[in-house]
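Trainee: Contents of query.cif (mmCIF, C-alpha atoms) are below:
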```cif
data_work
loop_
_atom_site.label_atom_id
_atom_site.label_comp_id
_atom_site.auth_asym_id
_atom_site.auth_seq_id
_atom_site.Cartn_x
_atom_site.Cartn_y
_atom_site.Cartn_z
CA MET A 1 10.39 17.94 11.22
CA LYS A 2 6.92 17.13 9.94
CA THR A 3 5.16 14.35 11.80
CA ILE A 4 2.05 12.19 11.50
CA MET A 5 0.14 10.17 14.05
CA VAL A 6 -0.08 6.39 13.80
CA PHE A 7 -2.89 4.50 15.52
CA GLY A 8 -3.03 0.83 16.51
CA VAL A 9 -0.62 -1.59 18.16
CA ARG A 10 0.28 -3.59 15.06
CA SER A 11 0.79 -0.49 12.92
CA ILE A 12 3.21 0.94 15.49
CA ILE A 13 5.11 -2.36 15.67
CA GLU A 14 5.53 -2.30 11.89
CA ALA A 15 6.68 1.33 12.04
CA ILE A 16 9.38 0.31 14.53
CA LYS A 17 10.45 -2.62 12.36
CA SER A 18 10.72 -0.33 9.34
CA GLY A 19 13.12 1.93 11.19
CA LYS A 20 10.87 4.97 11.01
CA PRO A 21 11.96 7.71 13.46
CA ILE A 22 9.42 7.61 16.29
CA ASP A 23 9.17 10.62 18.57
CA LYS A 24 6.90 9.16 21.26
CA VAL A 25 4.28 6.50 21.91
CA TRP A 26 1.24 6.77 24.19
CA LEU A 27 -0.29 3.56 25.55
CA LEU A 28 -3.56 2.97 27.34
CA LYS A 29 -3.15 2.37 31.07
CA GLY A 30 -3.70 -1.29 31.88
CA ILE A 31 -3.42 -2.47 28.26
CA LYS A 32 -2.68 -6.19 28.24
CA SER A 33 -2.42 -8.58 25.33
CA ASN A 34 0.24 -10.62 23.58
CA LEU A 35 0.45 -7.96 20.89
CA SER A 36 0.80 -5.11 23.36
CA GLU A 37 3.61 -7.04 25.07
CA GLN A 38 5.36 -7.31 21.70
CA LEU A 39 5.00 -3.57 21.31
CA LEU A 40 6.40 -2.87 24.77
CA ASN A 41 9.40 -5.12 24.09
CA ALA A 42 10.01 -3.37 20.76
CA LEU A 43 9.78 0.07 22.37
CA ARG A 44 12.21 -0.84 25.12
CA SER A 45 14.72 -2.53 22.84
CA SER A 46 14.63 0.46 20.48
CA ASN A 47 14.86 3.01 23.31
CA ILE A 48 11.69 4.76 22.19
CA THR A 49 10.00 7.07 24.69
CA PHE A 50 6.54 5.91 25.77
CA SER A 51 4.06 6.58 28.53
CA PHE A 52 0.86 5.07 29.87
CA VAL A 53 -2.13 7.40 29.78
CA PRO A 54 -5.89 7.24 30.43
CA VAL A 55 -8.26 6.63 27.54
CA GLU A 56 -9.34 10.27 27.57
CA ARG A 57 -5.82 11.29 26.54
CA LEU A 58 -5.81 8.87 23.62
CA ASN A 59 -9.27 9.99 22.54
CA ARG A 60 -7.90 13.50 22.12
CA PHE A 61 -5.69 12.19 19.32
CA SER A 62 -8.55 10.41 17.58
CA LYS A 63 -12.11 9.39 18.33
CA ARG A 64 -11.66 6.42 16.01
CA ASN A 65 -10.48 3.03 17.21
CA HIS A 66 -6.89 3.67 18.29
CA GLN A 67 -6.66 0.21 19.96
CA GLY A 68 -5.03 1.75 23.00
CA ALA A 69 -1.87 2.89 21.23
CA VAL A 70 -0.83 6.10 19.46
CA ALA A 71 2.57 7.05 18.07
CA ARG A 72 4.01 10.26 16.66
CA ILE A 73 6.42 9.49 13.82
CA ALA A 74 8.32 11.33 11.13
CA ALA A 75 6.24 12.15 8.08
CA PHE A 76 6.14 9.37 5.49
CA GLU A 77 8.94 9.64 2.94
CA THR A 78 8.35 8.48 -0.63
CA HIS A 79 10.85 7.24 -3.21
CA GLN A 80 12.11 8.94 -6.35
CA MET A 81 10.55 7.26 -9.40
CA GLU A 82 13.57 6.54 -11.61
CA HIS A 83 15.72 5.48 -8.67
CA ILE A 84 13.28 2.95 -7.24
CA ILE A 85 12.60 1.40 -10.66
CA GLU A 86 16.30 1.03 -11.41
CA GLU A 87 16.99 -0.36 -7.95
CA VAL A 88 14.21 -2.95 -8.14
CA ILE A 89 15.16 -4.07 -11.67
CA SER A 90 18.79 -4.49 -10.65
CA LYS A 91 17.85 -6.75 -7.74
CA LYS A 92 14.91 -8.79 -9.00
CA GLU A 93 14.34 -10.84 -12.13
CA ASN A 94 10.55 -10.51 -12.46
CA PRO A 95 9.47 -7.50 -10.42
CA VAL A 96 5.88 -6.35 -10.00
CA PHE A 97 5.06 -2.64 -10.06
CA LEU A 98 1.67 -1.24 -9.03
CA LEU A 99 0.25 1.97 -10.50
CA LEU A 100 -2.84 3.47 -8.83
CA ASP A 101 -4.76 5.96 -10.94
CA GLY A 102 -7.03 8.22 -8.91
CA ILE A 103 -7.54 6.14 -5.76
CA THR A 104 -8.83 8.82 -3.39
CA ASP A 105 -10.43 6.76 -0.61
CA THR A 106 -7.98 6.31 2.26
CA ARG A 107 -9.44 2.98 3.36
CA ASN A 108 -9.18 1.54 -0.14
CA PHE A 109 -5.63 2.83 -0.44
CA GLY A 110 -4.69 1.33 2.91
CA ALA A 111 -6.28 -2.02 2.05
CA ILE A 112 -4.42 -2.10 -1.26
CA LEU A 113 -1.10 -1.41 0.48
CA ARG A 114 -1.83 -4.23 2.93
CA SER A 115 -2.39 -6.69 0.08
CA ALA A 116 0.61 -5.31 -1.81
CA ALA A 117 2.84 -5.92 1.21
CA ALA A 118 1.43 -9.43 1.62
CA ILE A 119 2.67 -10.51 -1.81
CA ASP A 120 5.83 -8.37 -1.91
CA ILE A 121 4.83 -5.88 -4.59
CA ASP A 122 8.10 -4.12 -5.40
CA ALA A 123 6.91 -0.52 -5.75
CA VAL A 124 3.66 1.45 -5.75
CA PHE A 125 3.23 4.61 -7.82
CA ILE A 126 0.57 7.26 -7.17
CA PRO A 127 -0.02 10.70 -8.75
CA THR A 128 0.93 13.70 -6.64
CA SER A 129 -2.59 15.08 -7.16
CA GLY A 130 -5.90 13.24 -7.19
CA SER A 131 -4.79 10.47 -4.83
CA ALA A 132 -5.44 9.65 -1.20
CA PRO A 133 -2.81 11.12 1.16
CA ILE A 134 -0.49 8.82 3.07
CA ASN A 135 -1.94 9.60 6.47
CA ALA A 136 -2.89 7.92 9.74
CA ASP A 137 -6.04 6.35 8.25
CA VAL A 138 -4.09 4.79 5.38
CA ILE A 139 -1.39 3.44 7.70
CA LYS A 140 -3.91 2.00 10.16
CA THR A 141 -6.01 0.37 7.41
CA SER A 142 -2.87 -1.10 5.89
CA VAL A 143 -2.02 -2.58 9.33
CA GLY A 144 1.52 -1.35 8.85
CA GLY A 145 1.70 -2.54 5.24
CA ALA A 146 2.45 1.04 4.17
CA PHE A 147 5.85 0.67 5.84
CA LYS A 148 6.70 -2.47 3.88
CA VAL A 149 6.14 -1.27 0.31
CA ALA A 150 8.15 1.34 -1.56
CA ILE A 151 5.81 4.18 -2.53
CA SER A 152 6.61 6.81 -5.14
CA LYS A 153 4.63 9.96 -5.90
CA VAL A 154 4.84 11.08 -9.53
CA ALA A 155 3.57 14.06 -11.48
CA ASN A 156 2.10 11.77 -14.13
CA LEU A 157 1.69 8.00 -14.16
CA LYS A 158 2.45 8.06 -17.89
CA ASP A 159 6.08 8.72 -16.98
CA VAL A 160 6.18 5.46 -15.02
CA ILE A 161 4.70 3.57 -17.96
CA TYR A 162 7.26 5.03 -20.37
CA ILE A 163 10.18 4.13 -18.10
CA LEU A 164 8.89 0.57 -17.59
CA SER A 165 8.48 0.27 -21.35
CA SER A 166 12.09 1.36 -21.87
CA HIS A 167 13.05 -1.67 -19.75
CA ASP A 168 10.74 -3.94 -21.79
CA ILE A 169 8.35 -4.31 -18.87
CA PRO A 170 4.73 -4.52 -20.08
CA THR A 171 1.90 -2.69 -18.35
CA VAL A 172 -1.55 -4.19 -17.84
CA GLY A 173 -4.61 -2.14 -17.01
CA ILE A 174 -7.22 -3.98 -14.98
CA THR A 175 -10.51 -2.73 -16.39
CA GLU A 176 -13.98 -4.09 -17.10
CA LYS A 177 -13.56 -2.75 -20.65
CA ALA A 178 -11.00 -5.46 -21.46
CA LYS A 179 -11.80 -8.54 -23.51
CA THR A 180 -9.26 -10.84 -21.84
CA THR A 181 -9.52 -11.91 -18.20
CA VAL A 182 -6.60 -11.83 -15.79
CA TYR A 183 -6.83 -15.64 -15.71
CA ASP A 184 -5.91 -15.74 -19.41
CA TYR A 185 -3.05 -13.27 -19.12
CA ASP A 186 0.50 -14.45 -18.37
CA LEU A 187 1.58 -12.66 -15.19
CA ARG A 188 4.75 -14.63 -14.55
CA GLY A 189 7.21 -12.10 -15.96
CA ALA A 190 8.03 -8.55 -14.93
CA VAL A 191 4.87 -6.47 -15.08
CA GLY A 192 3.25 -3.18 -14.16
CA LEU A 193 -0.34 -3.52 -12.94
CA ILE A 194 -2.63 -0.50 -13.23
CA PHE A 195 -5.87 0.04 -11.31
CA GLY A 196 -8.21 3.01 -11.53
CA SER A 197 -10.83 4.47 -9.23
CA GLU A 198 -14.23 2.84 -8.89
CA ASP A 199 -16.12 5.79 -10.29
CA LYS A 200 -13.88 6.75 -13.23
CA GLY A 201 -11.66 3.73 -13.76
CA ILE A 202 -8.30 4.07 -15.50
CA SER A 203 -8.04 7.38 -17.35
CA GLY A 204 -8.39 7.38 -21.12
CA GLY A 205 -4.93 8.85 -21.62
CA ILE A 206 -3.32 5.96 -19.77
CA LEU A 207 -5.44 3.33 -21.53
CA LYS A 208 -4.11 4.64 -24.86
CA ILE A 209 -0.45 4.03 -24.04
CA ILE A 210 -0.42 0.79 -22.01
CA ASN A 211 0.42 -2.57 -23.55
CA ASN A 212 -2.56 -4.64 -22.50
CA THR A 213 -5.81 -4.70 -20.55
CA ALA A 214 -7.43 -7.50 -18.57
CA LYS A 215 -10.61 -7.84 -16.55
CA LEU A 216 -12.05 -9.81 -13.68
CA PRO A 217 -15.06 -11.85 -14.80
CA MET A 218 -18.25 -10.96 -12.95
CA SER A 219 -22.00 -11.08 -13.19
CA GLU A 220 -23.81 -8.58 -15.37
CA ASN A 221 -25.73 -7.55 -12.26
CA ILE A 222 -22.82 -5.39 -11.10
CA GLN A 223 -20.51 -3.10 -13.04
CA SER A 224 -17.34 -3.23 -10.96
CA LEU A 225 -15.70 -4.51 -7.81
CA ASN A 226 -14.30 -2.46 -4.96
CA VAL A 227 -10.82 -1.53 -6.18
CA SER A 228 -9.06 -3.00 -3.13
CA VAL A 229 -10.92 -6.28 -3.71
CA ALA A 230 -9.98 -6.22 -7.40
CA CYS A 231 -6.34 -5.69 -6.44
CA GLY A 232 -6.41 -8.60 -4.01
CA ILE A 233 -7.92 -10.99 -6.56
CA THR A 234 -5.43 -9.95 -9.24
CA PHE A 235 -2.47 -10.18 -6.86
CA TYR A 236 -3.29 -13.74 -5.92
CA GLU A 237 -3.84 -14.79 -9.51
CA LEU A 238 -0.32 -13.48 -10.12
CA ILE A 239 0.98 -15.50 -7.17
CA ARG A 240 -0.93 -18.61 -8.29
CA GLN A 241 0.66 -18.44 -11.72
CA ARG A 242 4.14 -17.94 -10.32
CA LEU A 243 3.87 -20.75 -7.77
CA LYS A 244 2.51 -23.09 -10.42
CA ASN A 245 5.61 -22.67 -12.54
#
```
Write the structure described by the file as structure tokens, please.
Mentor:
Amino acid sequence: MKTIMVFGVRSIIEAIKSGKPIDKVWLLKGIKSNLSEQLLNALRSSNITFSFVPVERLNRFSKRNHQGAVARIAAFETHQMEHIIEEVISKKENPVFLLLDGITDTRNFGAILRSAAAIDIDAVFIPTSGSAPINADVIKTSVGGAFKVAISKVANLKDVIYILSSHDIPTVGITEKAKTTVYDYDLRGAVGLIFGSEDKGISGGILKIINNTAKLPMSENIQSLNVSVACGITFYELIRQRLKN
């Protein structure tokens, strides 16, 4: 069984909550905090093997900030595209799908997943090539959000757009090339939101087939926002519109 390492107390707690198979957890000797107590309780109640080790042992796993906790879990499983779309549509009236085109930075990807989990995005789609891997850095940056959002890897994002279109779900590309702002676009219904990388943006092929585009207004002094920031702003405009009505 393929495994990945997860770093950080909160990320491990979220992995336990998600039901991910956890092989073992290593904790820093003498670790004490309310959050670490929550983790210990979760480990004991779930009968997960854990041990207390010196910091040198944890540093062998990663020299980055592991926060005194490391877990070895089963490799992240993604969802089949058609199945997750059909399942979401059958259960929710106005679902929100997120399509990420060429997001290669793991920290940006993790931050996006954290925001997506915070507003209950229904599914995230990423290309099998040209995207950041779902690894320990992504999970840690997402603070466990990666475990709370359905993620699907697809050969081509165009396939997702075509399937959403067959269900009369419009797709909106968030790009500085748009004439309309996200504040002028109605986000209350079912929708697929598309974000591209900071350097290349949404690919031309995708821009040709989507229904609409919208932008975030900004000063002429800067060309674009960090993609995770752009996602967060757009997500909360969507929530604002839906709470208002």
Trainee: Restricting the calculation to only C-alpha atoms: of A:Leu225, A:Val25, A:Ile103, A:Ile84, which residue gets closest to Ala42 (chain A)?
Mentor: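 The shortest atom-to-atom distance to Ala42 (chain A) comes from A:Val25.
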Trainee: Which residues come within 8 Å of region 47-56 of chain A, counting all atoms listed in the file, excluding same-chain residues fewer than 2 positions away, as number ranges by chain?
Mentor: A: 22-29, 43-45, 58-60, 68
Trainee: From the list A:Lys215, A:Asp122, A:Ala74, A:Thr104, which residue is nearest Ser90 (chain A) when using only C-alpha atoms?
Mentor: A:Asp122
Trainee: Tell me, as a list in words, which residues lie within 10 Å of Ser224 (chain A), counting only C-alpha atoms; anything in the same chain fewer than 6 positions away does not count.
Mentor: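 Within the cut-off, the hits are Thr175, Glu176, Glu198, Asp199, Gly201, Lys215, Leu216, Pro217, Met218 and Ala230 of chain A.
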Trainee: If we count only C-alpha atoms, what is near region 183-193 of chain A at a cut-off of 8 Å, once residues fewer than 2 positions away on the same chain are taken out, given as a VMD selection string?
Mentor: chain A and resid 93 to 99 161 164 169 to 174 180 to 181 195 214 237 to 238 241 to 242
Trainee: Hey, which of A:Ser228, A:Thr78, A:Asn135, A:Gln223 ends up closest to Thr3 (chain A)? Count all atoms listed in the file.
Mentor: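 Going through A:Ser228, A:Thr78, A:Asn135, A:Gln223 one by one, the smallest distance to Thr3 (chain A) is for A:Asn135.
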